[in-house]
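Chemist: upload_36.txt is reproduced in full below (compact mmCIF, C-alpha atoms).
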```txt
# COMPACT_ATOMS: atom_id res chain seq x y z
CA MET V 1 110.70 107.74 91.63
CA LEU V 2 114.21 106.36 92.11
CA ARG V 3 113.20 104.62 95.32
CA ASP V 4 110.07 103.19 93.66
CA ALA V 5 112.12 101.87 90.77
CA ARG V 6 114.57 100.21 93.16
CA GLU V 7 111.74 98.65 95.13
CA ALA V 8 110.19 97.43 91.88
CA SER V 9 113.52 95.96 90.74
CA GLY V 10 113.75 94.04 94.01
CA ARG V 11 110.34 92.48 93.39
CA ARG V 12 110.93 91.07 89.92
CA SER V 13 108.30 88.51 89.10
CA ALA V 14 109.14 84.90 88.35
CA ALA V 15 108.14 85.51 84.72
CA SER V 16 110.62 88.37 84.44
CA ARG V 17 113.41 86.23 85.88
CA LEU V 18 112.58 83.47 83.42
CA VAL V 19 112.75 85.95 80.53
CA ASP V 20 116.17 87.17 81.70
CA ALA V 21 117.37 83.57 81.96
CA ALA V 22 116.12 82.82 78.44
CA VAL V 23 117.81 85.93 77.02
CA SER V 24 121.03 85.10 78.86
CA ALA V 25 121.07 81.59 77.45
CA ALA V 26 120.18 82.80 73.94
CA VAL V 27 122.96 85.42 73.89
CA VAL V 28 125.56 82.92 75.06
CA LEU V 29 124.43 80.06 72.79
CA VAL V 30 123.91 82.16 69.65
CA PHE V 31 126.62 84.83 69.84
CA TRP V 32 129.36 83.25 71.98
CA ILE V 33 129.49 79.46 71.85
CA PRO V 34 130.03 79.04 68.08
CA PRO V 35 132.87 81.63 67.87
CA VAL V 36 134.51 80.31 71.07
CA LEU V 37 134.44 76.73 69.72
CA GLY V 38 136.10 78.03 66.58
CA LEU V 39 139.09 79.35 68.55
CA ALA V 40 142.25 77.33 68.95
CA PRO V 41 142.35 75.31 72.17
CA GLY V 42 144.18 77.12 74.89
CA GLY V 43 144.12 80.52 76.53
CA ASP V 44 141.91 82.30 73.97
CA ARG V 45 139.16 79.65 74.18
CA LEU V 46 139.29 79.69 77.99
CA LEU V 47 139.17 83.50 78.08
CA GLY V 48 136.30 83.52 75.58
CA SER V 49 134.36 81.06 77.73
CA CYS V 50 134.89 83.23 80.82
CA LEU V 51 133.73 86.31 78.92
CA ALA V 52 130.59 84.47 77.77
CA LEU V 53 129.82 83.51 81.37
CA LEU V 54 130.34 87.12 82.46
CA VAL V 55 127.88 88.42 79.86
CA GLY V 56 125.34 85.74 80.77
CA GLY V 57 125.66 86.55 84.47
CA ALA V 58 125.34 90.28 83.78
CA VAL V 59 122.05 89.69 81.97
CA LEU V 60 120.75 87.67 84.92
CA LEU V 61 121.75 90.33 87.47
CA ARG V 62 120.78 93.41 85.45
CA TRP V 63 118.00 94.46 87.87
CA ARG V 64 120.01 94.01 91.07
CA PHE V 65 123.24 95.63 89.83
CA PRO V 66 122.33 97.59 86.68
CA ALA V 67 125.45 99.80 86.46
CA ALA V 68 127.82 96.89 87.11
CA ALA V 69 125.90 94.64 84.71
CA VAL V 70 126.15 97.16 81.86
CA SER V 71 129.86 97.74 82.48
CA VAL V 72 130.66 94.02 82.60
CA ALA V 73 128.58 93.20 79.52
CA LEU V 74 130.06 96.06 77.52
CA ALA V 75 133.66 95.35 78.48
CA SER V 76 133.31 91.60 77.98
CA THR V 77 131.71 92.04 74.56
CA ALA V 78 134.42 94.50 73.47
CA VAL V 79 137.19 92.12 74.52
CA GLY V 80 135.32 89.27 72.86
CA TRP V 81 135.28 91.24 69.62
CA LEU V 82 139.05 91.73 69.81
CA LEU V 83 139.54 88.00 70.36
CA SER V 84 136.97 87.05 67.69
CA ALA V 85 135.25 85.14 70.50
CA THR V 86 131.79 86.62 69.90
CA THR V 87 129.49 87.97 67.22
CA ASP V 88 127.24 89.72 69.76
CA PRO V 89 126.27 93.15 68.35
CA MET V 90 125.86 94.49 71.91
CA VAL V 91 122.54 92.68 72.45
CA GLY V 92 123.62 91.59 75.94
CA ALA V 93 124.82 95.07 76.87
CA ALA V 94 121.63 96.64 75.50
CA TRP V 95 119.49 94.22 77.53
CA CYS V 96 121.42 95.21 80.67
CA LEU V 97 121.13 98.91 79.89
CA TYR V 98 117.32 99.13 80.18
CA PRO V 99 117.13 98.88 84.01
CA LEU V 100 119.92 101.44 84.30
CA ALA V 101 118.01 103.90 82.11
CA LEU V 102 114.83 103.20 84.06
CA ARG V 103 116.40 104.19 87.38
CA GLY V 104 116.32 107.82 86.33
CA GLY V 105 118.85 109.25 88.82
CA SER V 106 121.58 111.69 87.82
CA ARG V 107 124.27 109.11 88.60
CA GLU V 108 122.62 106.58 86.32
CA ARG V 109 122.27 109.14 83.54
CA ASP V 110 126.00 109.90 83.82
CA VAL V 111 126.87 106.20 83.68
CA GLY V 112 124.61 105.77 80.68
CA SER V 113 126.31 108.63 78.85
CA VAL V 114 129.72 107.13 79.59
CA VAL V 115 128.54 103.74 78.35
CA LEU V 116 127.34 105.23 75.08
CA GLY V 117 130.59 107.14 74.67
CA VAL V 118 132.70 104.04 75.30
CA LEU V 119 130.61 102.06 72.84
CA VAL V 120 131.18 104.64 70.12
CA LEU V 121 134.96 104.63 70.76
CA VAL V 122 135.17 100.83 70.78
CA SER V 123 133.11 100.61 67.63
CA LEU V 124 135.35 103.12 65.88
CA VAL V 125 138.50 101.27 66.97
CA LEU V 126 137.12 97.97 65.75
CA GLY V 127 135.98 99.62 62.56
CA VAL V 128 139.53 100.69 61.76
CA SER V 129 140.92 97.16 62.31
CA SER V 130 138.15 95.25 60.48
CA SER V 131 136.75 95.06 57.01
CA ALA V 132 134.63 98.09 56.17
CA GLN V 133 131.38 96.23 55.61
CA ASP V 134 131.54 94.09 58.75
CA ALA V 135 132.67 97.05 60.85
CA MET V 136 129.88 99.27 59.63
CA GLN V 137 127.24 96.61 60.31
CA GLY V 138 128.58 96.04 63.80
CA VAL V 139 128.71 99.75 64.58
CA VAL V 140 125.19 100.43 63.29
CA PHE V 141 123.58 97.42 64.97
CA GLY V 142 125.47 97.93 68.23
CA LEU V 143 124.67 101.62 68.48
CA GLY V 144 121.08 100.95 67.48
CA ALA V 145 120.60 98.28 70.15
CA ILE V 146 122.17 100.40 72.88
CA GLY V 147 120.33 103.54 71.80
CA VAL V 148 116.93 101.82 71.64
CA ALA V 149 117.42 100.24 75.07
CA TRP V 150 118.43 103.58 76.58
CA LEU V 151 115.59 105.51 74.98
CA LEU V 152 113.00 102.91 76.00
CA GLY V 153 114.27 102.97 79.58
CA ARG V 154 114.27 106.75 79.74
CA ALA V 155 110.78 106.94 78.20
CA GLU V 156 109.45 104.48 80.79
CA ALA V 157 111.21 106.41 83.56
CA GLU V 158 109.53 109.64 82.41
CA ARG V 159 106.16 107.89 82.31
CA LEU V 160 106.60 106.54 85.82
CA GLY V 161 107.70 109.98 86.96
CA ALA V 162 104.57 111.55 85.51
CA VAL V 163 102.44 108.91 87.25
CA ARG V 164 104.17 109.56 90.59
CA ARG V 165 103.74 113.33 90.21
CA ALA V 166 100.06 112.88 89.42
CA GLU V 167 99.65 110.65 92.46
CA ARG V 168 101.39 113.20 94.69
CA GLN V 169 99.24 116.01 93.33
CA GLN V 170 96.12 113.93 93.93
CA ALA V 171 97.26 113.15 97.47
CA GLU V 172 97.95 116.84 98.11
CA PHE V 173 94.55 117.77 96.69
CA GLU V 174 92.83 115.20 98.91
CA HIS V 175 94.75 116.53 101.92
CA VAL V 176 93.71 120.12 101.18
CA ARG V 177 90.13 119.03 100.53
CA ARG V 178 90.06 117.13 103.81
CA GLU V 179 91.45 120.10 105.74
CA ALA V 180 88.88 122.41 104.14
CA ALA V 181 86.09 119.99 105.06
CA MET V 182 87.38 119.80 108.62
CA ALA V 183 87.54 123.60 108.83
CA ARG V 184 83.94 123.82 107.64
CA GLU V 185 82.86 121.29 110.25
CA VAL V 186 84.59 123.17 113.05
CA HIS V 187 83.12 126.46 111.87
CA ASP V 188 79.61 125.03 111.64
CA VAL V 189 79.69 123.21 114.97
CA VAL V 190 81.48 125.81 117.07
CA GLY V 191 80.05 128.88 115.36
CA HIS V 192 76.48 127.73 115.61
CA ALA V 193 76.86 126.56 119.22
CA LEU V 194 78.47 129.80 120.35
CA SER V 195 75.93 131.99 118.57
CA THR V 196 73.06 130.05 120.14
CA ILE V 197 74.68 130.07 123.57
CA SER V 198 75.30 133.81 123.27
CA ALA V 199 71.66 134.44 122.39
CA GLU V 200 70.41 132.23 125.22
CA ALA V 201 72.77 133.90 127.67
CA ALA V 202 71.31 137.26 126.67
CA VAL V 203 67.82 135.89 127.26
CA ALA V 204 68.86 134.51 130.65
CA ARG V 205 70.37 137.83 131.65
CA ALA V 206 67.09 139.57 130.82
CA VAL V 207 65.09 137.21 133.04
CA SER V 208 64.15 138.75 136.36
CA SER V 209 65.18 137.09 139.61
CA SER V 210 61.54 136.27 140.36
CA GLU V 211 61.33 134.05 137.26
CA ARG V 212 63.70 131.43 138.61
CA GLU V 213 62.25 128.51 136.62
CA GLU V 214 62.70 130.34 133.32
CA LEU V 215 66.25 131.27 134.28
CA LEU V 216 67.11 127.67 135.15
CA GLU V 217 65.61 126.49 131.88
CA ALA V 218 67.75 128.95 129.93
CA LEU V 219 70.87 127.86 131.78
CA GLU V 220 69.99 124.23 131.16
CA ASP V 221 69.72 124.91 127.42
CA ILE V 222 73.11 126.62 127.50
CA GLU V 223 74.65 123.62 129.25
CA HIS V 224 73.05 121.20 126.79
CA ARG V 225 74.27 123.06 123.73
CA SER V 226 77.79 123.54 125.06
CA ARG V 227 78.04 119.81 125.87
CA SER V 228 76.70 118.87 122.44
CA ALA V 229 79.19 121.17 120.72
CA LEU V 230 82.03 119.72 122.80
CA VAL V 231 81.08 116.16 121.81
CA GLN V 232 80.99 117.10 118.12
CA VAL V 233 84.36 118.84 118.31
CA GLN V 234 85.85 115.77 120.02
CA ASP V 235 84.48 113.60 117.21
CA LEU V 236 86.13 115.89 114.67
CA VAL V 237 89.46 115.74 116.49
CA ARG V 238 89.34 111.95 116.59
CA ALA V 239 88.56 111.84 112.87
CA LEU V 240 91.50 114.15 112.18
CA ARG V 241 93.89 112.06 114.28
CA ARG V 242 92.99 108.83 112.49
CA ARG V 243 93.00 110.66 109.13
CA ASP V 244 89.54 109.32 108.48
CA ARG V 245 88.69 109.70 104.79
CA ALA V 246 85.02 108.86 105.19
CA PRO V 247 82.62 111.74 104.41
CA LEU V 248 82.21 113.84 107.52
CA GLY V 249 78.76 113.67 109.05
CA GLY V 250 77.45 111.36 106.35
CA GLY V 251 75.28 109.43 108.81
CA GLY V 252 73.02 110.37 111.69
CA ASN V 253 69.41 111.39 112.19
CA HIS V 254 69.14 114.51 110.08
CA ALA V 255 65.45 115.03 110.82
CA ALA V 256 66.19 115.16 114.55
CA ALA V 257 69.11 117.49 113.91
CA LEU V 258 66.85 119.84 111.94
CA ARG V 259 64.29 119.90 114.74
CA GLU V 260 67.06 120.70 117.20
CA LEU V 261 68.27 123.56 115.02
CA VAL V 262 64.77 125.05 114.79
CA ALA V 263 64.32 124.69 118.57
CA ALA V 264 67.67 126.40 119.22
CA ALA V 265 66.76 129.31 116.96
CA THR V 266 63.38 129.63 118.68
CA VAL V 267 64.98 129.68 122.12
CA SER V 268 67.23 132.45 120.86
CA GLY V 269 64.15 134.60 120.29
CA LEU V 270 63.62 133.99 116.57
CA GLU V 271 60.17 132.96 115.35
CA VAL V 272 60.68 130.11 112.90
CA ASP V 273 57.96 128.89 110.53
CA ALA V 274 59.37 125.51 109.48
CA HIS V 275 58.04 123.25 106.72
CA ILE V 276 60.34 120.21 106.60
CA ASP V 277 59.81 117.18 104.37
CA LEU V 278 63.06 115.28 104.51
CA PRO V 279 63.29 112.17 102.29
CA GLU V 280 63.82 108.95 104.21
CA HIS V 281 66.98 108.17 102.25
CA GLY V 282 68.39 111.64 101.64
CA GLY V 283 72.00 110.48 101.93
CA GLU V 284 74.71 113.09 101.68
CA ALA V 285 72.27 115.66 100.31
CA ALA V 286 70.34 115.49 103.60
CA PHE V 287 73.52 116.10 105.57
CA VAL V 288 74.48 119.09 103.41
CA ALA V 289 70.93 120.45 103.69
CA THR V 290 71.16 120.20 107.48
CA ARG V 291 74.42 122.14 107.47
CA VAL V 292 72.93 124.80 105.17
CA VAL V 293 69.98 125.23 107.54
CA GLN V 294 72.35 125.39 110.50
CA GLU V 295 74.52 128.09 108.95
CA ALA V 296 71.54 130.08 107.65
CA LEU V 297 69.81 130.14 111.05
CA SER V 298 73.10 130.94 112.77
CA ASN V 299 73.66 133.89 110.43
CA ILE V 300 70.12 135.14 111.04
CA VAL V 301 70.59 135.02 114.82
CA ARG V 302 73.99 136.68 114.71
CA HIS V 303 73.70 139.19 111.88
CA ALA V 304 70.20 139.76 110.55
CA ALA V 305 68.42 141.27 113.60
CA ALA V 306 65.37 139.41 112.31
CA GLU V 307 62.19 138.63 114.22
CA ARG V 308 60.88 135.91 111.95
CA CYS V 309 62.11 133.49 109.35
CA GLU V 310 60.55 130.85 107.14
CA LEU V 311 62.27 127.52 106.53
CA MET V 312 61.24 125.20 103.69
CA LEU V 313 63.02 121.91 103.02
CA ALA V 314 61.47 119.42 100.61
CA PRO V 315 62.26 117.27 97.56
CA VAL V 316 61.36 118.88 94.25
CA GLY V 317 61.84 116.66 91.24
CA GLY V 318 65.22 115.01 91.64
CA GLU V 319 66.54 117.69 93.98
CA LEU V 320 66.33 118.50 97.66
CA VAL V 321 65.48 122.20 97.91
CA VAL V 322 66.32 124.28 100.98
CA ARG V 323 64.96 127.81 101.28
CA VAL V 324 65.43 130.07 104.30
CA ASP V 325 63.85 133.57 104.25
CA ASP V 326 64.16 136.14 107.02
CA ASP V 327 62.75 139.64 107.62
CA GLY V 328 65.94 141.14 109.00
CA VAL V 329 68.29 143.83 107.77
CA GLY V 330 69.82 141.40 105.30
CA ILE V 331 73.38 140.35 104.62
CA ARG V 332 75.41 140.92 101.51
CA ALA V 333 75.48 137.91 99.22
CA GLY V 334 79.01 136.57 99.10
CA GLY V 335 80.22 136.85 102.60
CA SER V 336 79.24 139.49 105.12
CA ALA V 337 78.82 136.59 107.54
CA GLY V 338 82.52 135.76 107.35
CA SER V 339 83.42 132.33 106.01
CA GLY V 340 79.94 130.90 106.61
CA ILE V 341 78.47 131.55 103.16
CA ALA V 342 81.69 130.43 101.47
CA GLY V 343 81.53 127.22 103.49
CA MET V 344 77.88 126.69 102.54
CA ARG V 345 78.70 127.19 98.87
CA GLU V 346 81.61 124.73 99.05
CA ARG V 347 79.39 122.14 100.70
CA VAL V 348 76.59 122.54 98.17
CA GLU V 349 78.90 122.50 95.15
CA SER V 350 80.78 119.46 96.50
CA VAL V 351 77.64 117.37 95.89
CA GLY V 352 76.84 119.00 92.54
CA GLY V 353 74.28 121.49 93.86
CA ARG V 354 73.71 125.26 93.57
CA LEU V 355 73.54 127.94 96.24
CA THR V 356 72.22 131.48 95.93
CA VAL V 357 72.12 134.13 98.65
CA THR V 358 70.10 137.21 97.73
CA ARG V 359 68.33 140.19 99.25
CA ARG V 360 64.56 139.94 99.27
CA LEU V 361 62.52 142.79 97.80
CA SER V 362 60.37 142.82 100.92
CA GLY V 363 63.45 143.00 103.13
CA GLY V 364 65.75 140.45 104.61
CA THR V 365 67.73 137.66 102.97
CA ARG V 366 66.94 134.50 101.07
CA VAL V 367 69.23 131.46 101.16
CA LEU V 368 68.35 128.94 98.46
CA ALA V 369 70.15 125.61 98.02
CA GLU V 370 69.28 123.04 95.37
CA LEU V 371 70.89 119.66 96.06
CA PRO V 372 70.73 116.60 93.80
CA LEU V 373 69.40 113.61 95.70
CA GLU V 374 71.81 111.44 93.71
CA VAL V 375 75.19 113.01 94.36
CA ARG V 376 77.12 113.91 91.20
CA ARG V 377 80.93 113.83 91.46
```
Using structure tokens, write down the structure that the file contains.
Modeler:
Amino acid sequence: MLRDAREASGRRSAASRLVDAAVSAAVVLVFWIPPVLGLAPGGDRLLGSCLALLVGGAVLLRWRFPAAAVSVALASTAVGWLLSATTDPMVGAAWCLYPLALRGGSRERDVGSVVLGVLVLVSLVLGVSSSAQDAMQGVVFGLGAIGVAWLLGRAEAERLGAVRRAERQQAEFEHVRREAAMAREVHDVVGHALSTISAEAAVARAVSSSEREELLEALEDIEHRSRSALVQVQDLVRALRRRDRAPLGGGGNHAAALRELVAAATVSGLEVDAHIDLPEHGGEAAFVATRVVQEALSNIVRHAAAERCELMLAPVGGELVVRVDDDGVGIRAGGSAGSGIAGMRERVESVGGRLTVTRRLSGGTRVLAELPLEVRR
């Protein structure tokens, strides 16, 4: 916050500089020139003129040198009071005090406290040597001007601090959200690829040596899926390096990806009855649906010991509904498949959808995702 305030003070707008110039001129012309002209010619008038110039310069330089500006304005005004060279009730010093209060550092707070203390002492000293009414008016107005300037500066500093903290928290939240999204992508890509490759390797191992064509086909599928997974992981790494904030996987041919997922599950030995009606403009919901299907099929291959599953993906009302049923041993809703179900739920909820994972009465597991076609944030 201190650094931001200093940077802001170095970029004062032309309007702000004009305001400071107007205030400087007003303080000198109203509170200094008439009393100085009323002094006898000589040293007092010359000293009064120098003090007026010092106060005017302090007002002009209050943003560049706030502590020095406050000290000069305060000391000059106090001496001017003693010489009867000014009637300034600390307006110049109060105007210089605001940037100092806004800085918000411990050093500035200490200087501000000292300034207030000095003002009280000077006011009391002048009050003893002046008429009671004039002294009281000067003390009250001077303390009021200084106190208001300090409180306004501190209030603005606290507001800026709250804004900066909120921005940092938002940045940290976005960073955590991005890392979680990246972790889900890596889990989905690598986990699905390895589970499919493992299943295909088991199929290839079971092929007899006389069935050379089938063996080569299985090995070719393994090579294809490993290369595809490698390309996707490389894309993720590049996105992480450039700190890409675009939604991961938001584009692409989701219909083709779904067909590939069904084919991979079939090659792994699972019979898949797929009914897919993907909207032409599914947007982010289509991407999330693809990932849900990917994780569901991957879990079935790895954990369910199922022989058959049914996949239904279609728009219903204003939602894209994904349902995957299998006839396997079932998995516990909430996470027997490691972080996969948690990742699915995070994906679905990130677009305003709902995910349920339940045991079917007839055996096996049902994964049901309901995704709004118009993403709600």
Chemist: Using all atoms listed in the file, determine which residues lie at most 12 Å from Cys50 in chain V, disregarding the query and same-chain residues fewer than 2 positions distant; provide the list as a list in words.
Modeler: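 Skipping anything fewer than 2 positions along the chain leaves Val28, Trp32, Ile33, Val36, Gly43, Asp44, Arg45, Leu46, Leu47, Gly48, Ala52, Leu53, Leu54, Val55, Gly56, Gly57, Val72, Ala73, Ser76, Thr77, Val79, Gly80, Ala85 and Thr86 of chain V.
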Chemist: Select all residues near (66.1, 113.3, 101.4) (cut-off 10 Å, inclusive, file coordinates), counting all atoms listed in the file, and output them as JSON, numbers by chain.
Modeler: {"V": [254, 255, 277, 278, 279, 280, 281, 282, 283, 284, 285, 286, 287, 289, 313, 314, 315, 318, 319, 320, 321, 371, 372, 373, 374]}
Chemist: Filtering to C-alpha atoms, could you give me those residues as a tab-separated table (two decimals), in the frame of the given file?
Modeler:
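This is the output file again29.tsv:
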```tsv
chain	number	residue	atom	x	y	z
V	254	HIS	CA	69.14	114.51	110.08
V	255	ALA	CA	65.45	115.03	110.82
V	277	ASP	CA	59.81	117.18	104.37
V	278	LEU	CA	63.06	115.28	104.51
V	279	PRO	CA	63.29	112.17	102.29
V	280	GLU	CA	63.82	108.95	104.21
V	281	HIS	CA	66.98	108.17	102.25
V	282	GLY	CA	68.39	111.64	101.64
V	283	GLY	CA	72.00	110.48	101.93
V	284	GLU	CA	74.71	113.09	101.68
V	285	ALA	CA	72.27	115.66	100.31
V	286	ALA	CA	70.34	115.49	103.60
V	287	PHE	CA	73.52	116.10	105.57
V	289	ALA	CA	70.93	120.45	103.69
V	313	LEU	CA	63.02	121.91	103.02
V	314	ALA	CA	61.47	119.42	100.61
V	315	PRO	CA	62.26	117.27	97.56
V	318	GLY	CA	65.22	115.01	91.64
V	319	GLU	CA	66.54	117.69	93.98
V	320	LEU	CA	66.33	118.50	97.66
V	321	VAL	CA	65.48	122.20	97.91
V	371	LEU	CA	70.89	119.66	96.06
V	372	PRO	CA	70.73	116.60	93.80
V	373	LEU	CA	69.40	113.61	95.70
V	374	GLU	CA	71.81	111.44	93.71
```
Chemist: Restricting the calculation to all atoms listed in the file, which member of V:Leu102, V:Val316, V:Ala67, V:Ala25 is positioned closest to Glu158 in chain V?
Modeler: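 Distance minimum relative to Glu158 in chain V lands on V:Leu102.
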Chemist: Of the candidates V:Met344, V:Ala93, V:Ala306, V:Leu82, which shows the shortest atom-to-atom distance to Val27 in chain V, using only C-alpha atoms?
Modeler: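 Checking each candidate against Val27 in chain V, we get V:Ala93 as the closest.
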Chemist: Between V:Ala257, V:Arg62, V:Tyr98, V:Ala180, which has the minimum distance to Ala342 in chain V (counting only C-alpha atoms)?
Modeler: V:Ala180
Chemist: May I ask for the distance between CA of Val91 in chain V and CA of Gly38 in chain V, given in Å to one decimal place?
Modeler: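 CA of Val91 in chain V sits 20.8 Å away from CA of Gly38 in chain V.
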Chemist: To one decimal in Å, tell me the separation between CA of Val329 in chain V and CA of Glu217 in chain V.
Modeler: 29.8 Å
Chemist: Which distance in Å separates CA of Asp20 in chain V and CA of Leu61 in chain V, to one decimal?
Modeler: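 Those two atoms sit 8.6 Å apart.
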Chemist: Which polymer residues have any atom within 8 Å of an atom of Val293 in chain V, counting only C-alpha atoms, with same-chain residues fewer than 3 positions away left out, as a PDB file with C-alpha atoms, keeping the file's coordinate frame?
Modeler:
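Okay, this is what ended up in selection_35.pdb:
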```
ATOM      1  CA  LEU V 258      66.850 119.840 111.940  1.00  0.00           C
ATOM      2  CA  LEU V 261      68.270 123.560 115.020  1.00  0.00           C
ATOM      3  CA  ALA V 289      70.930 120.450 103.690  1.00  0.00           C
ATOM      4  CA  THR V 290      71.160 120.200 107.480  1.00  0.00           C
ATOM      5  CA  ALA V 296      71.540 130.080 107.650  1.00  0.00           C
ATOM      6  CA  LEU V 297      69.810 130.140 111.050  1.00  0.00           C
ATOM      7  CA  VAL V 322      66.320 124.280 100.980  1.00  0.00           C
ATOM      8  CA  VAL V 324      65.430 130.070 104.300  1.00  0.00           C
TER       9      VAL V 324
END
```
